[in-house]
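Undergrad: Compact mmCIF, N, CA and C atoms, saved as protein_13.txt, coming up:
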# COMPACT_ATOMS: atom_id res chain seq x y z
N MET A 1 -4.20 7.85 -10.50
CA MET A 1 -5.58 7.42 -10.44
C MET A 1 -6.44 8.37 -11.28
N PRO A 2 -7.37 7.83 -12.01
CA PRO A 2 -8.29 8.70 -12.73
C PRO A 2 -9.08 9.58 -11.75
N GLN A 3 -9.30 10.82 -12.12
CA GLN A 3 -9.97 11.77 -11.24
C GLN A 3 -11.35 11.28 -10.81
N ARG A 4 -12.12 10.68 -11.71
CA ARG A 4 -13.46 10.18 -11.35
C ARG A 4 -13.38 9.10 -10.29
N PHE A 5 -12.34 8.28 -10.35
CA PHE A 5 -12.16 7.24 -9.33
C PHE A 5 -11.88 7.88 -7.98
N ILE A 6 -10.99 8.85 -7.96
CA ILE A 6 -10.65 9.55 -6.72
C ILE A 6 -11.89 10.22 -6.13
N GLU A 7 -12.66 10.87 -6.97
CA GLU A 7 -13.84 11.60 -6.51
C GLU A 7 -14.92 10.66 -5.96
N SER A 8 -14.89 9.39 -6.35
CA SER A 8 -15.90 8.44 -5.86
C SER A 8 -15.65 8.08 -4.40
N TYR A 9 -14.46 8.36 -3.89
CA TYR A 9 -14.13 8.08 -2.50
C TYR A 9 -14.36 9.32 -1.65
N THR A 10 -15.51 9.37 -1.04
CA THR A 10 -15.85 10.51 -0.20
C THR A 10 -15.11 10.42 1.13
N LEU A 11 -15.07 11.54 1.81
CA LEU A 11 -14.45 11.58 3.14
C LEU A 11 -15.13 10.57 4.06
N GLU A 12 -16.44 10.48 3.99
CA GLU A 12 -17.17 9.53 4.85
C GLU A 12 -16.78 8.08 4.54
N LYS A 13 -16.64 7.73 3.26
CA LYS A 13 -16.23 6.37 2.90
C LYS A 13 -14.83 6.07 3.44
N ARG A 14 -13.92 7.03 3.30
CA ARG A 14 -12.56 6.83 3.76
C ARG A 14 -12.52 6.72 5.29
N ARG A 15 -13.29 7.56 5.97
CA ARG A 15 -13.34 7.51 7.44
C ARG A 15 -13.81 6.13 7.91
N LYS A 16 -14.86 5.60 7.29
CA LYS A 16 -15.37 4.27 7.67
C LYS A 16 -14.32 3.19 7.40
N LEU A 17 -13.65 3.28 6.26
CA LEU A 17 -12.63 2.30 5.91
C LEU A 17 -11.52 2.29 6.95
N TRP A 18 -10.99 3.47 7.31
CA TRP A 18 -9.88 3.52 8.25
C TRP A 18 -10.31 3.17 9.67
N LEU A 19 -11.50 3.58 10.09
CA LEU A 19 -11.99 3.19 11.41
C LEU A 19 -12.10 1.67 11.51
N ASN A 20 -12.64 1.05 10.47
CA ASN A 20 -12.77 -0.40 10.45
C ASN A 20 -11.39 -1.07 10.48
N THR A 21 -10.47 -0.58 9.68
CA THR A 21 -9.12 -1.15 9.63
C THR A 21 -8.43 -1.07 10.98
N ILE A 22 -8.50 0.09 11.60
CA ILE A 22 -7.80 0.30 12.88
C ILE A 22 -8.51 -0.38 14.04
N GLU A 23 -9.83 -0.21 14.15
CA GLU A 23 -10.57 -0.79 15.27
C GLU A 23 -10.51 -2.32 15.26
N ARG A 24 -10.53 -2.93 14.10
CA ARG A 24 -10.52 -4.39 14.00
C ARG A 24 -9.11 -4.95 13.82
N ASN A 25 -8.11 -4.05 13.88
CA ASN A 25 -6.71 -4.46 13.74
C ASN A 25 -6.50 -5.31 12.49
N LEU A 26 -7.03 -4.82 11.37
CA LEU A 26 -6.94 -5.57 10.12
C LEU A 26 -5.60 -5.41 9.42
N ALA A 27 -4.82 -4.42 9.84
CA ALA A 27 -3.52 -4.18 9.22
C ALA A 27 -2.67 -3.32 10.13
N GLU A 28 -1.39 -3.33 9.87
CA GLU A 28 -0.46 -2.42 10.54
C GLU A 28 -0.48 -1.12 9.77
N VAL A 29 -0.56 -0.01 10.46
CA VAL A 29 -0.57 1.30 9.80
C VAL A 29 0.58 2.11 10.37
N LEU A 30 1.49 2.50 9.50
CA LEU A 30 2.61 3.36 9.87
C LEU A 30 2.32 4.75 9.34
N VAL A 31 2.58 5.76 10.14
CA VAL A 31 2.32 7.13 9.69
C VAL A 31 3.57 7.97 9.84
N ALA A 32 3.66 8.98 8.99
CA ALA A 32 4.76 9.95 9.05
C ALA A 32 4.13 11.32 9.22
N ASP A 33 4.73 12.10 10.11
CA ASP A 33 4.24 13.47 10.23
C ASP A 33 5.41 14.43 10.16
N CYS A 34 5.10 15.60 9.72
CA CYS A 34 6.10 16.65 9.61
C CYS A 34 5.47 17.90 10.23
N ASP A 35 6.08 18.37 11.30
CA ASP A 35 5.56 19.54 12.01
C ASP A 35 4.12 19.34 12.47
N GLY A 36 3.82 18.13 12.95
CA GLY A 36 2.49 17.84 13.48
C GLY A 36 1.43 17.62 12.42
N ARG A 37 1.83 17.51 11.17
CA ARG A 37 0.89 17.32 10.07
C ARG A 37 1.15 15.97 9.41
N LEU A 38 0.10 15.18 9.20
CA LEU A 38 0.24 13.89 8.53
C LEU A 38 0.79 14.11 7.12
N THR A 39 1.92 13.46 6.82
CA THR A 39 2.52 13.63 5.51
C THR A 39 2.62 12.33 4.73
N GLY A 40 2.30 11.21 5.37
CA GLY A 40 2.33 9.95 4.66
C GLY A 40 1.90 8.80 5.53
N PHE A 41 1.55 7.69 4.88
CA PHE A 41 1.22 6.47 5.62
C PHE A 41 1.53 5.26 4.76
N LEU A 42 1.70 4.14 5.43
CA LEU A 42 1.91 2.86 4.79
C LEU A 42 1.10 1.84 5.57
N CYS A 43 0.45 0.95 4.86
CA CYS A 43 -0.42 -0.05 5.49
C CYS A 43 -0.03 -1.43 4.96
N PHE A 44 0.16 -2.39 5.88
CA PHE A 44 0.50 -3.74 5.47
C PHE A 44 -0.09 -4.74 6.45
N GLY A 45 -0.20 -5.97 6.01
CA GLY A 45 -0.71 -7.02 6.88
C GLY A 45 -0.90 -8.32 6.13
N GLN A 46 -1.75 -9.16 6.70
CA GLN A 46 -2.07 -10.44 6.09
C GLN A 46 -3.58 -10.52 5.86
N PRO A 47 -4.00 -10.33 4.62
CA PRO A 47 -5.42 -10.54 4.33
C PRO A 47 -5.80 -11.98 4.66
N LYS A 48 -7.08 -12.24 4.80
CA LYS A 48 -7.54 -13.58 5.19
C LYS A 48 -6.93 -14.69 4.36
N TYR A 49 -6.80 -14.47 3.05
CA TYR A 49 -6.28 -15.53 2.20
C TYR A 49 -4.78 -15.82 2.43
N LEU A 50 -4.09 -14.96 3.18
CA LEU A 50 -2.68 -15.20 3.50
C LEU A 50 -2.44 -15.60 4.95
N LYS A 51 -3.48 -15.58 5.78
CA LYS A 51 -3.32 -15.90 7.20
C LYS A 51 -2.66 -17.26 7.37
N GLY A 52 -1.73 -17.31 8.32
CA GLY A 52 -1.05 -18.56 8.61
C GLY A 52 0.13 -18.85 7.70
N THR A 53 0.45 -17.92 6.80
CA THR A 53 1.60 -18.10 5.92
C THR A 53 2.70 -17.13 6.35
N ASP A 54 3.80 -17.15 5.64
CA ASP A 54 4.87 -16.20 5.90
C ASP A 54 4.90 -15.11 4.83
N VAL A 55 3.74 -14.89 4.19
CA VAL A 55 3.59 -13.88 3.14
C VAL A 55 2.70 -12.76 3.65
N TYR A 56 3.14 -11.54 3.44
CA TYR A 56 2.38 -10.34 3.84
C TYR A 56 2.12 -9.50 2.60
N GLU A 57 1.18 -8.59 2.74
CA GLU A 57 0.84 -7.73 1.62
C GLU A 57 0.94 -6.26 2.02
N LEU A 58 1.61 -5.49 1.19
CA LEU A 58 1.64 -4.05 1.36
C LEU A 58 0.40 -3.55 0.63
N SER A 59 -0.56 -3.03 1.38
CA SER A 59 -1.84 -2.68 0.76
C SER A 59 -1.94 -1.23 0.34
N SER A 60 -1.17 -0.34 0.97
CA SER A 60 -1.21 1.05 0.53
C SER A 60 -0.01 1.82 1.07
N ILE A 61 0.39 2.77 0.27
CA ILE A 61 1.40 3.73 0.69
C ILE A 61 1.02 5.04 0.02
N TYR A 62 1.05 6.08 0.80
CA TYR A 62 0.68 7.40 0.28
C TYR A 62 1.59 8.44 0.91
N ILE A 63 2.10 9.32 0.08
CA ILE A 63 2.93 10.43 0.54
C ILE A 63 2.29 11.72 0.02
N ASP A 64 2.18 12.72 0.88
CA ASP A 64 1.68 14.02 0.47
C ASP A 64 2.46 14.45 -0.77
N PRO A 65 1.76 14.85 -1.84
CA PRO A 65 2.47 15.23 -3.07
C PRO A 65 3.56 16.28 -2.86
N ASP A 66 3.38 17.16 -1.89
CA ASP A 66 4.40 18.18 -1.60
C ASP A 66 5.63 17.59 -0.93
N LYS A 67 5.54 16.35 -0.46
CA LYS A 67 6.64 15.71 0.27
C LYS A 67 7.28 14.55 -0.48
N ILE A 68 6.83 14.31 -1.72
CA ILE A 68 7.42 13.24 -2.52
C ILE A 68 8.88 13.58 -2.79
N ALA A 69 9.72 12.56 -2.76
CA ALA A 69 11.16 12.67 -3.01
C ALA A 69 11.91 13.33 -1.85
N THR A 70 11.32 13.28 -0.65
CA THR A 70 12.01 13.81 0.53
C THR A 70 12.51 12.70 1.44
N GLY A 71 12.25 11.44 1.08
CA GLY A 71 12.71 10.31 1.88
C GLY A 71 11.65 9.72 2.79
N ILE A 72 10.47 10.33 2.84
CA ILE A 72 9.40 9.84 3.72
C ILE A 72 8.96 8.44 3.31
N GLY A 73 8.75 8.23 2.02
CA GLY A 73 8.35 6.91 1.54
C GLY A 73 9.38 5.85 1.87
N GLN A 74 10.65 6.19 1.71
CA GLN A 74 11.72 5.25 2.02
C GLN A 74 11.74 4.91 3.51
N GLU A 75 11.59 5.93 4.36
CA GLU A 75 11.57 5.68 5.80
C GLU A 75 10.40 4.79 6.19
N LEU A 76 9.23 5.05 5.65
CA LEU A 76 8.06 4.21 5.95
C LEU A 76 8.30 2.78 5.48
N TYR A 77 8.82 2.63 4.26
CA TYR A 77 9.05 1.28 3.76
C TYR A 77 10.12 0.55 4.57
N ASP A 78 11.19 1.24 4.94
CA ASP A 78 12.24 0.61 5.75
C ASP A 78 11.66 0.12 7.09
N GLU A 79 10.81 0.92 7.72
CA GLU A 79 10.18 0.52 8.98
C GLU A 79 9.28 -0.70 8.75
N CYS A 80 8.56 -0.70 7.65
CA CYS A 80 7.71 -1.84 7.30
C CYS A 80 8.54 -3.12 7.20
N GLU A 81 9.65 -3.06 6.47
CA GLU A 81 10.50 -4.25 6.34
C GLU A 81 11.07 -4.69 7.67
N ASP A 82 11.46 -3.74 8.52
CA ASP A 82 11.96 -4.09 9.85
C ASP A 82 10.89 -4.86 10.63
N MET A 83 9.66 -4.39 10.56
CA MET A 83 8.56 -5.06 11.26
C MET A 83 8.29 -6.44 10.66
N LEU A 84 8.37 -6.55 9.35
CA LEU A 84 8.15 -7.84 8.69
C LEU A 84 9.21 -8.86 9.09
N ARG A 85 10.42 -8.42 9.24
CA ARG A 85 11.48 -9.35 9.67
C ARG A 85 11.21 -9.85 11.09
N ILE A 86 10.74 -8.97 11.96
CA ILE A 86 10.37 -9.38 13.32
C ILE A 86 9.25 -10.41 13.27
N LEU A 87 8.32 -10.24 12.32
CA LEU A 87 7.20 -11.18 12.15
C LEU A 87 7.60 -12.45 11.42
N LYS A 88 8.89 -12.55 11.03
CA LYS A 88 9.42 -13.72 10.32
C LYS A 88 8.81 -13.88 8.92
N ALA A 89 8.45 -12.77 8.31
CA ALA A 89 7.92 -12.82 6.95
C ALA A 89 9.01 -13.22 5.97
N LYS A 90 8.65 -13.99 4.97
CA LYS A 90 9.59 -14.41 3.94
C LYS A 90 9.34 -13.69 2.62
N LYS A 91 8.13 -13.17 2.46
CA LYS A 91 7.78 -12.56 1.19
C LYS A 91 6.76 -11.45 1.43
N ILE A 92 6.85 -10.39 0.61
CA ILE A 92 5.86 -9.33 0.65
C ILE A 92 5.38 -9.09 -0.78
N SER A 93 4.07 -8.97 -0.92
CA SER A 93 3.50 -8.74 -2.24
C SER A 93 2.71 -7.43 -2.22
N LEU A 94 2.41 -6.94 -3.40
CA LEU A 94 1.59 -5.74 -3.53
C LEU A 94 1.00 -5.69 -4.92
N TRP A 95 -0.01 -4.87 -5.05
CA TRP A 95 -0.63 -4.60 -6.35
C TRP A 95 -0.47 -3.12 -6.63
N ALA A 96 -0.07 -2.77 -7.84
CA ALA A 96 0.12 -1.37 -8.22
C ALA A 96 -0.50 -1.13 -9.59
N LEU A 97 -0.97 0.08 -9.80
CA LEU A 97 -1.49 0.45 -11.11
C LEU A 97 -0.39 0.34 -12.15
N ASP A 98 -0.71 -0.28 -13.26
CA ASP A 98 0.31 -0.43 -14.31
C ASP A 98 0.76 0.90 -14.89
N SER A 99 -0.03 1.95 -14.70
CA SER A 99 0.31 3.27 -15.24
C SER A 99 1.02 4.17 -14.22
N ASN A 100 1.21 3.69 -12.99
CA ASN A 100 1.83 4.51 -11.95
C ASN A 100 3.35 4.29 -11.98
N GLU A 101 4.01 4.96 -12.92
CA GLU A 101 5.45 4.76 -13.11
C GLU A 101 6.26 5.14 -11.88
N ARG A 102 5.88 6.21 -11.20
CA ARG A 102 6.63 6.63 -10.01
C ARG A 102 6.60 5.52 -8.94
N ALA A 103 5.42 4.97 -8.69
CA ALA A 103 5.31 3.90 -7.69
C ALA A 103 6.06 2.65 -8.15
N LEU A 104 5.88 2.27 -9.40
CA LEU A 104 6.56 1.07 -9.90
C LEU A 104 8.07 1.22 -9.79
N ASN A 105 8.60 2.37 -10.13
CA ASN A 105 10.04 2.61 -10.00
C ASN A 105 10.49 2.51 -8.55
N PHE A 106 9.68 3.05 -7.62
CA PHE A 106 10.01 2.96 -6.20
C PHE A 106 10.06 1.50 -5.76
N TYR A 107 9.04 0.73 -6.13
CA TYR A 107 9.00 -0.67 -5.70
C TYR A 107 10.15 -1.48 -6.30
N ILE A 108 10.46 -1.25 -7.55
CA ILE A 108 11.57 -1.96 -8.18
C ILE A 108 12.88 -1.60 -7.49
N LYS A 109 13.04 -0.34 -7.12
CA LYS A 109 14.24 0.10 -6.38
C LYS A 109 14.34 -0.65 -5.04
N GLN A 110 13.19 -0.99 -4.44
CA GLN A 110 13.18 -1.71 -3.16
C GLN A 110 13.44 -3.21 -3.34
N GLY A 111 13.48 -3.69 -4.57
CA GLY A 111 13.74 -5.10 -4.82
C GLY A 111 12.53 -5.91 -5.24
N PHE A 112 11.41 -5.27 -5.48
CA PHE A 112 10.22 -5.97 -5.94
C PHE A 112 10.36 -6.30 -7.42
N ALA A 113 9.69 -7.37 -7.84
CA ALA A 113 9.69 -7.76 -9.25
C ALA A 113 8.27 -8.16 -9.64
N PRO A 114 7.86 -7.83 -10.85
CA PRO A 114 6.53 -8.23 -11.32
C PRO A 114 6.42 -9.76 -11.41
N THR A 115 5.25 -10.27 -11.04
CA THR A 115 5.03 -11.72 -11.12
C THR A 115 4.41 -12.14 -12.44
N GLY A 116 3.85 -11.18 -13.16
CA GLY A 116 3.11 -11.49 -14.39
C GLY A 116 1.61 -11.56 -14.15
N GLU A 117 1.21 -11.57 -12.87
CA GLU A 117 -0.22 -11.59 -12.53
C GLU A 117 -0.80 -10.19 -12.70
N THR A 118 -2.00 -10.12 -13.25
CA THR A 118 -2.68 -8.84 -13.44
C THR A 118 -4.10 -8.94 -12.89
N ASN A 119 -4.69 -7.79 -12.65
CA ASN A 119 -6.05 -7.74 -12.12
C ASN A 119 -6.71 -6.47 -12.65
N LYS A 120 -7.94 -6.59 -13.07
CA LYS A 120 -8.70 -5.42 -13.47
C LYS A 120 -9.64 -5.08 -12.33
N GLU A 121 -9.58 -3.84 -11.91
CA GLU A 121 -10.42 -3.36 -10.82
C GLU A 121 -11.42 -2.37 -11.42
N ARG A 122 -12.69 -2.58 -11.12
CA ARG A 122 -13.72 -1.71 -11.67
C ARG A 122 -14.33 -0.89 -10.55
N ALA A 123 -14.38 0.41 -10.77
CA ALA A 123 -15.03 1.32 -9.83
C ALA A 123 -15.94 2.22 -10.65
N ASN A 124 -17.22 2.01 -10.48
CA ASN A 124 -18.22 2.70 -11.31
C ASN A 124 -17.91 2.37 -12.77
N ASP A 125 -17.62 3.35 -13.60
CA ASP A 125 -17.32 3.07 -15.01
C ASP A 125 -15.83 3.19 -15.33
N VAL A 126 -14.99 3.18 -14.28
CA VAL A 126 -13.55 3.29 -14.47
C VAL A 126 -12.92 1.90 -14.25
N VAL A 127 -12.06 1.50 -15.18
CA VAL A 127 -11.34 0.23 -15.05
C VAL A 127 -9.88 0.55 -14.79
N LEU A 128 -9.34 -0.02 -13.70
CA LEU A 128 -7.94 0.15 -13.34
C LEU A 128 -7.22 -1.18 -13.55
N ASN A 129 -6.06 -1.11 -14.17
CA ASN A 129 -5.26 -2.30 -14.42
C ASN A 129 -4.13 -2.36 -13.40
N ASP A 130 -4.17 -3.39 -12.57
CA ASP A 130 -3.17 -3.59 -11.53
C ASP A 130 -2.22 -4.71 -11.93
N ILE A 131 -0.96 -4.59 -11.49
CA ILE A 131 0.00 -5.67 -11.65
C ILE A 131 0.52 -6.05 -10.27
N GLU A 132 0.81 -7.33 -10.11
CA GLU A 132 1.35 -7.81 -8.83
C GLU A 132 2.87 -7.77 -8.88
N LEU A 133 3.44 -7.32 -7.75
CA LEU A 133 4.88 -7.34 -7.55
C LEU A 133 5.17 -8.07 -6.25
N VAL A 134 6.32 -8.76 -6.19
CA VAL A 134 6.68 -9.54 -5.02
C VAL A 134 8.16 -9.32 -4.70
N LYS A 135 8.44 -9.38 -3.41
CA LYS A 135 9.84 -9.31 -2.96
C LYS A 135 10.08 -10.41 -1.94
N GLU A 136 11.14 -11.15 -2.15
CA GLU A 136 11.57 -12.16 -1.18
C GLU A 136 12.37 -11.42 -0.11
N LEU A 137 12.07 -11.69 1.16
CA LEU A 137 12.80 -11.05 2.26
C LEU A 137 13.86 -12.00 2.78
N SER A 138 15.06 -11.48 2.93
CA SER A 138 16.14 -12.28 3.48
C SER A 138 16.10 -12.17 5.00
N ALA A 139 16.69 -13.14 5.67
CA ALA A 139 16.70 -13.16 7.14
C ALA A 139 17.50 -12.05 7.73
Just give me the structure as structure tokens.
TA:
Amino acid sequence: MPQRFIESYTLEKRRKLWLNTIERNLAEVLVADCDGRLTGFLCFGQPKYLKGTDVYELSSIYIDPDKIATGIGQELYDECEDMLRILKAKKISLWALDSNERALNFYIKQGFAPTGETNKERANDVVLNDIELVKELSA
């Protein structure tokens, strides 16, 4: 993420976002901790435009930079897929920055494939290019 984009998200903005997400049960939030310290999270659910379908969206995954490549992301994603199977999901989609090679490689390793759909996200004067990836879930 461009530094200016990251800096535009204040602690107060993030606190409001997560309180709203959790209090209104807008998504499932999985967390990982190491020695009592939050080291990662994954968030997934069905946005309004997907309600009533068998398609879910992985909306965010974050791992503490000091804990990348320790298996935390894999454990969170595996738990997510287990929960999706219980929910009878058939497909999971996500949007990722086209420049985030580490994330794209992780998703491709999990079986996701680009759909060809793109989206430009504007935050202040920063434009982010997102690509959609999808994975079909087997029973």
Undergrad: Measuring atom to atom with only N, CA and C atoms, identify which of A:Leu30, A:Lys51, A:Leu97, A:Lys16 is nearest to Glu79 in chain A.
TA: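 Closest to Glu79 in chain A of all the choices is A:Leu30.
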Undergrad: Quick one: of A:Leu87, A:Ala113, A:Leu42, A:Ile108, who's nearest to Val134 in chain A, counting only N, CA and C atoms?
TA: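 Nearest to Val134 in chain A: A:Ala113.
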Undergrad: Would you please work out which residue, of A:Ala69, A:Ala103, A:Ile61, A:Leu94, is nearest to Thr115 in chain A when using only C-alpha atoms?
TA: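 The shortest atom-to-atom distance to Thr115 in chain A comes from A:Leu94.
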Undergrad: Quick one: residues within 8 Å of Asp98 in chain A, all atoms listed in the file counted, chain neighbours fewer than 5 positions away excluded, as a list in words?
TA: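 Counting all atoms listed in the file, the residues come to Leu104, Leu128, Asn129, Asp130, Ile131 and Glu132 of chain A.
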Undergrad: So the first atom is atom C of Thr53 in chain A and the second is CA of Cys80 in chain A; what is the distance between them in Å, to one decimal place?
TA: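 Spanning atom C of Thr53 in chain A to CA of Cys80 in chain A is a straight-line distance of 16.1 Å.
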Undergrad: How far is it from atom N of Asn124 in chain A to atom C of Tyr56 in chain A, in Å with one decimal?
TA: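 Computing the Euclidean distance for atom N of Asn124 in chain A and atom C of Tyr56 in chain A yields 26.0 Å.
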Undergrad: Pick out the closest residue to Ser93 in chain A from this set: A:Asn105, A:Asn119, A:Ser59, A:Thr70. Count only N, CA and C atoms.
TA: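 Residue with the minimum atom-to-atom distance to Ser93 in chain A: A:Ser59.
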Undergrad: From a backbone DSSP assignment, name each residue in chain A labelled alpha helix (DSSP H), as a PyMOL selection string.
TA: chain A and resi 3-7+11-23+72-86+101-109
Undergrad: Now that the selection is made, can you save its residues with N, CA and C atoms as a compact mmCIF listing (two decimals), in the frame of the given file?
TA:
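So out.txt came out as:
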# COMPACT_ATOMS: atom_id res chain seq x y z
N GLN A 3 -9.30 10.82 -12.12
CA GLN A 3 -9.97 11.77 -11.24
C GLN A 3 -11.35 11.28 -10.81
N ARG A 4 -12.12 10.68 -11.71
CA ARG A 4 -13.46 10.18 -11.35
C ARG A 4 -13.38 9.10 -10.29
N PHE A 5 -12.34 8.28 -10.35
CA PHE A 5 -12.16 7.24 -9.33
C PHE A 5 -11.88 7.88 -7.98
N ILE A 6 -10.99 8.85 -7.96
CA ILE A 6 -10.65 9.55 -6.72
C ILE A 6 -11.89 10.22 -6.13
N GLU A 7 -12.66 10.87 -6.97
CA GLU A 7 -13.84 11.60 -6.51
C GLU A 7 -14.92 10.66 -5.96
N LEU A 11 -15.07 11.54 1.81
CA LEU A 11 -14.45 11.58 3.14
C LEU A 11 -15.13 10.57 4.06
N GLU A 12 -16.44 10.48 3.99
CA GLU A 12 -17.17 9.53 4.85
C GLU A 12 -16.78 8.08 4.54
N LYS A 13 -16.64 7.73 3.26
CA LYS A 13 -16.23 6.37 2.90
C LYS A 13 -14.83 6.07 3.44
N ARG A 14 -13.92 7.03 3.30
CA ARG A 14 -12.56 6.83 3.76
C ARG A 14 -12.52 6.72 5.29
N ARG A 15 -13.29 7.56 5.97
CA ARG A 15 -13.34 7.51 7.44
C ARG A 15 -13.81 6.13 7.91
N LYS A 16 -14.86 5.60 7.29
CA LYS A 16 -15.37 4.27 7.67
C LYS A 16 -14.32 3.19 7.40
N LEU A 17 -13.65 3.28 6.26
CA LEU A 17 -12.63 2.30 5.91
C LEU A 17 -11.52 2.29 6.95
N TRP A 18 -10.99 3.47 7.31
CA TRP A 18 -9.88 3.52 8.25
C TRP A 18 -10.31 3.17 9.67
N LEU A 19 -11.50 3.58 10.09
CA LEU A 19 -11.99 3.19 11.41
C LEU A 19 -12.10 1.67 11.51
N ASN A 20 -12.64 1.05 10.47
CA ASN A 20 -12.77 -0.40 10.45
C ASN A 20 -11.39 -1.07 10.48
N THR A 21 -10.47 -0.58 9.68
CA THR A 21 -9.12 -1.15 9.63
C THR A 21 -8.43 -1.07 10.98
N ILE A 22 -8.50 0.09 11.60
CA ILE A 22 -7.80 0.30 12.88
C ILE A 22 -8.51 -0.38 14.04
N GLU A 23 -9.83 -0.21 14.15
CA GLU A 23 -10.57 -0.79 15.27
C GLU A 23 -10.51 -2.32 15.26
N ILE A 72 10.47 10.33 2.84
CA ILE A 72 9.40 9.84 3.72
C ILE A 72 8.96 8.44 3.31
N GLY A 73 8.75 8.23 2.02
CA GLY A 73 8.35 6.91 1.54
C GLY A 73 9.38 5.85 1.87
N GLN A 74 10.65 6.19 1.71
CA GLN A 74 11.72 5.25 2.02
C GLN A 74 11.74 4.91 3.51
N GLU A 75 11.59 5.93 4.36
CA GLU A 75 11.57 5.68 5.80
C GLU A 75 10.40 4.79 6.19
N LEU A 76 9.23 5.05 5.65
CA LEU A 76 8.06 4.21 5.95
C LEU A 76 8.30 2.78 5.48
N TYR A 77 8.82 2.63 4.26
CA TYR A 77 9.05 1.28 3.76
C TYR A 77 10.12 0.55 4.57
N ASP A 78 11.19 1.24 4.94
CA ASP A 78 12.24 0.61 5.75
C ASP A 78 11.66 0.12 7.09
N GLU A 79 10.81 0.92 7.72
CA GLU A 79 10.18 0.52 8.98
C GLU A 79 9.28 -0.70 8.75
N CYS A 80 8.56 -0.70 7.65
CA CYS A 80 7.71 -1.84 7.30
C CYS A 80 8.54 -3.12 7.20
N GLU A 81 9.65 -3.06 6.47
CA GLU A 81 10.50 -4.25 6.34
C GLU A 81 11.07 -4.69 7.67
N ASP A 82 11.46 -3.74 8.52
CA ASP A 82 11.96 -4.09 9.85
C ASP A 82 10.89 -4.86 10.63
N MET A 83 9.66 -4.39 10.56
CA MET A 83 8.56 -5.06 11.26
C MET A 83 8.29 -6.44 10.66
N LEU A 84 8.37 -6.55 9.35
CA LEU A 84 8.15 -7.84 8.69
C LEU A 84 9.21 -8.86 9.09
N ARG A 85 10.42 -8.42 9.24
CA ARG A 85 11.48 -9.35 9.67
C ARG A 85 11.21 -9.85 11.09
N ILE A 86 10.74 -8.97 11.96
CA ILE A 86 10.37 -9.38 13.32
C ILE A 86 9.25 -10.41 13.27
N GLU A 101 4.01 4.96 -12.92
CA GLU A 101 5.45 4.76 -13.11
C GLU A 101 6.26 5.14 -11.88
N ARG A 102 5.88 6.21 -11.20
CA ARG A 102 6.63 6.63 -10.01
C ARG A 102 6.60 5.52 -8.94
N ALA A 103 5.42 4.97 -8.69
CA ALA A 103 5.31 3.90 -7.69
C ALA A 103 6.06 2.65 -8.15
N LEU A 104 5.88 2.27 -9.40
CA LEU A 104 6.56 1.07 -9.90
C LEU A 104 8.07 1.22 -9.79
N ASN A 105 8.60 2.37 -10.13
CA ASN A 105 10.04 2.61 -10.00
C ASN A 105 10.49 2.51 -8.55
N PHE A 106 9.68 3.05 -7.62
CA PHE A 106 10.01 2.96 -6.20
C PHE A 106 10.06 1.50 -5.76
N TYR A 107 9.04 0.73 -6.13
CA TYR A 107 9.00 -0.67 -5.70
C TYR A 107 10.15 -1.48 -6.30
N ILE A 108 10.46 -1.25 -7.55
CA ILE A 108 11.57 -1.96 -8.18
C ILE A 108 12.88 -1.60 -7.49
N LYS A 109 13.04 -0.34 -7.12
CA LYS A 109 14.24 0.10 -6.38
C LYS A 109 14.34 -0.65 -5.04
Undergrad: How many Å separate CA of Ala96 in chain A from CA of Leu58 in chain A?
TA: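 Computing it gives 10.1 Å between the two atoms.
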Undergrad: If you run DSSP over the backbone, which residues in chain A end up strand (DSSP E or B)? Put them as a ChimeraX atom specification.
TA: /A:28-34,37-45,55-63,91-97,113-123,126-136
Undergrad: Which polymer residues have any atom within 5 Å of an atom of Gly45 in chain A, counting all atoms listed in the file, with same-chain residues fewer than 3 positions away left out, as a VMD selection string?
TA: chain A and resid 27 to 28 56 to 57
Undergrad: Determine the nearest neighbour of Arg85 in chain A from the options A:Leu26, A:Thr21, A:Ser138, A:Arg14, counting only C-alpha atoms.
TA: A:Ser138
Undergrad: Between A:Gly71, A:Asp125, A:Glu136, A:Cys34, which one has atoms that come closest to Lys90 in chain A, using all atoms listed in the file?
TA: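 Checking each candidate against Lys90 in chain A, we get A:Glu136 as the closest.
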